[in-house]
$ cat run.txt   # compact mmCIF, C-alpha atoms
# COMPACT_ATOMS: atom_id res chain seq x y z
CA MET A 677 8.64 -12.80 3.27
CA ASN A 678 6.61 -11.43 0.37
CA THR A 679 5.26 -7.91 0.77
CA LEU A 680 1.89 -6.61 -0.43
CA VAL A 681 1.07 -2.90 -0.51
CA PHE A 682 -2.55 -1.77 -0.21
CA PRO A 683 -4.00 1.75 -0.20
CA SER A 684 -5.52 2.93 3.04
CA SER A 685 -9.02 4.23 3.40
CA TYR A 686 -9.24 7.85 2.30
CA PHE A 687 -10.48 8.70 5.80
CA SER A 688 -8.10 6.57 7.90
CA ASP A 689 -4.46 5.69 7.23
CA ASN A 690 -4.77 2.67 9.54
CA LYS A 691 -7.57 0.92 7.64
CA VAL A 692 -7.43 -0.67 4.21
CA ASP A 693 -9.59 0.81 1.44
CA GLN A 694 -13.08 -0.63 1.88
CA GLU A 695 -13.22 -2.00 -1.67
CA LEU A 696 -10.09 -4.08 -1.05
CA GLU A 697 -10.93 -5.39 2.43
CA ALA A 698 -11.74 -8.97 1.37
CA GLU A 699 -8.46 -9.38 -0.49
CA TYR A 700 -6.50 -7.71 2.33
CA TYR A 701 -7.93 -9.99 5.02
CA ALA A 702 -7.59 -13.11 2.85
CA ALA A 703 -3.89 -12.35 2.29
CA ALA A 704 -3.38 -11.60 6.00
CA GLU A 705 -4.99 -14.90 7.02
CA THR A 706 -2.45 -16.91 5.02
CA GLY A 707 0.45 -15.57 7.08
CA LEU A 708 2.56 -15.61 3.91
CA PHE A 709 2.72 -11.86 3.39
CA ASP A 710 4.03 -8.79 5.08
CA ILE A 711 1.17 -6.36 4.43
CA VAL A 712 1.72 -2.62 4.27
CA LEU A 713 -0.76 0.22 3.93
CA PHE A 714 0.08 3.53 2.31
CA SER A 715 -1.84 6.74 2.89
CA TYR A 716 -4.11 7.14 -0.12
CA ASP A 717 -4.77 10.78 0.74
CA LYS A 718 -1.11 11.75 1.18
CA TRP A 719 -0.01 9.99 -2.00
CA PHE A 720 -2.68 11.14 -4.43
CA ASN A 721 -3.15 14.65 -3.02
CA GLU A 722 0.36 15.56 -1.85
CA GLY A 723 2.70 13.13 -3.62
CA VAL A 724 4.01 11.88 -0.26
CA LEU A 725 4.43 8.13 0.22
CA LYS A 726 3.50 7.48 3.85
CA LEU A 727 3.60 3.81 4.89
CA ASN A 728 2.25 2.30 8.09
CA LYS A 729 5.48 0.31 8.55
CA HIS A 730 9.15 1.25 8.53
CA PHE A 731 11.69 -0.82 6.61
CA GLU A 732 15.40 -0.89 7.45
CA ARG A 733 16.25 -1.75 3.84
CA SER A 734 14.67 -1.69 0.39
CA VAL A 735 12.08 -4.38 -0.25
CA SER A 736 10.29 -5.61 -3.32
CA ALA A 737 6.53 -5.52 -3.07
CA VAL A 738 3.39 -6.14 -5.07
CA TYR A 739 0.96 -3.23 -5.28
CA ARG A 740 -2.71 -4.15 -4.91
CA GLY A 741 -4.86 -1.12 -5.45
CA TRP A 742 -6.35 1.34 -7.83
CA MET A 743 -4.81 2.15 -11.19
CA MET A 744 -2.28 4.95 -11.26
CA LYS A 745 -1.09 7.18 -14.06
CA PRO A 746 2.35 6.14 -15.41
CA ASN A 747 4.11 9.08 -13.74
CA ASN A 748 2.59 8.18 -10.36
CA ILE A 749 3.74 4.59 -10.76
CA ARG A 750 7.32 5.67 -11.52
CA LEU A 751 7.39 7.91 -8.44
CA PHE A 752 5.78 5.22 -6.29
CA VAL A 753 8.43 2.68 -7.27
CA MET A 754 11.28 5.11 -6.67
CA ASN A 755 10.10 5.96 -3.15
$ encode --input "run.txt" --output "structure tokens"
Amino acid sequence: MNTLVFPSSYFSDNKVDQELEAEYYAAAETGLFDIVLFSYDKWFNEGVLKLNKHFERSVSAVYRGWMMKPNNIRLFVMN
């Protein structure tokens, strides 16, 4: 299954960022994607990648969210 990664709301790790809700729900409705949220607050303020799902192995994913600085992208990919 294909995996999409969306940022959470700044105020709730269990909700998608409000600006990306339409895309998130459209992708979810297709049933073609495993959708994961990451804690926007933890990542951008603490450098900690906190996902709302656990994976037993490495997966490839497409990031759908706000632009990141090159160093943040490298760290994000390595986590």
$ atom_distance --input "run.txt" --atom1 "CA of Val724 in chain A" --atom2 "CA of Ala698 in chain A"
26.2 Å
$ closest_residue --input "run.txt" --among "A:Leu713, A:Leu751, A:Leu708, A:Ala703" --to "Tyr686 in chain A" --atoms "all atoms listed in the file"
A:Leu713
$ atom_distance --input "run.txt" --atom1 "CA of Ser688 in chain A" --atom2 "CA of Lys726 in chain A"
12.3 Å
$ residues_near_point --input "run.txt" --point "(7.3, -13.7, 0.2)" --cutoff "12 Å" --atoms "only C-alpha atoms" --output "ChimeraX atom specification"
/A:677-680,703,706-711,735-738
$ closest_residue --input "run.txt" --among "A:Glu705, A:Asn728, A:Ile749, A:Trp719" --to "Asp689 in chain A" --atoms "all atoms listed in the file"
A:Asn728
$ atom_distance --input "run.txt" --atom1 "CA of Glu732 in chain A" --atom2 "CA of Gln694 in chain A"
29.0 Å
$ decode --input "run.txt" --residues "range 717-748 of chain A" --atoms "C-alpha atoms" --output "compact mmCIF listing (two decimals), in the first residue's frame"
# COMPACT_ATOMS: atom_id res chain seq x y z
CA ASP A 717 4.79 20.72 17.04
CA LYS A 718 7.28 18.00 18.04
CA TRP A 719 9.04 18.04 14.67
CA PHE A 720 9.43 21.76 14.09
CA ASN A 721 10.00 22.77 17.71
CA GLU A 722 11.92 19.79 19.12
CA GLY A 723 13.25 17.91 16.09
CA VAL A 724 11.40 14.75 17.19
CA LEU A 725 9.53 12.76 14.54
CA LYS A 726 6.42 11.45 16.30
CA LEU A 727 4.04 9.47 14.07
CA ASN A 728 0.51 8.38 14.88
CA LYS A 729 1.26 4.86 13.58
CA HIS A 730 4.02 2.36 14.27
CA PHE A 731 5.76 0.52 11.43
CA GLU A 732 7.52 -2.82 11.86
CA ARG A 733 9.82 -2.03 8.93
CA SER A 734 10.97 0.92 6.85
CA VAL A 735 8.42 2.25 4.37
CA SER A 736 8.58 4.69 1.52
CA ALA A 737 6.13 7.55 1.78
CA VAL A 738 5.10 10.76 0.09
CA TYR A 739 5.15 13.87 2.26
CA ARG A 740 2.18 16.21 1.81
CA GLY A 741 2.67 19.31 3.86
CA TRP A 742 4.40 22.58 4.33
CA MET A 743 7.80 23.34 2.86
CA MET A 744 10.79 22.46 4.99
CA LYS A 745 14.34 23.74 4.98
CA PRO A 746 16.79 21.33 3.30
CA ASN A 747 18.31 20.24 6.61
CA ASN A 748 14.86 19.43 8.03
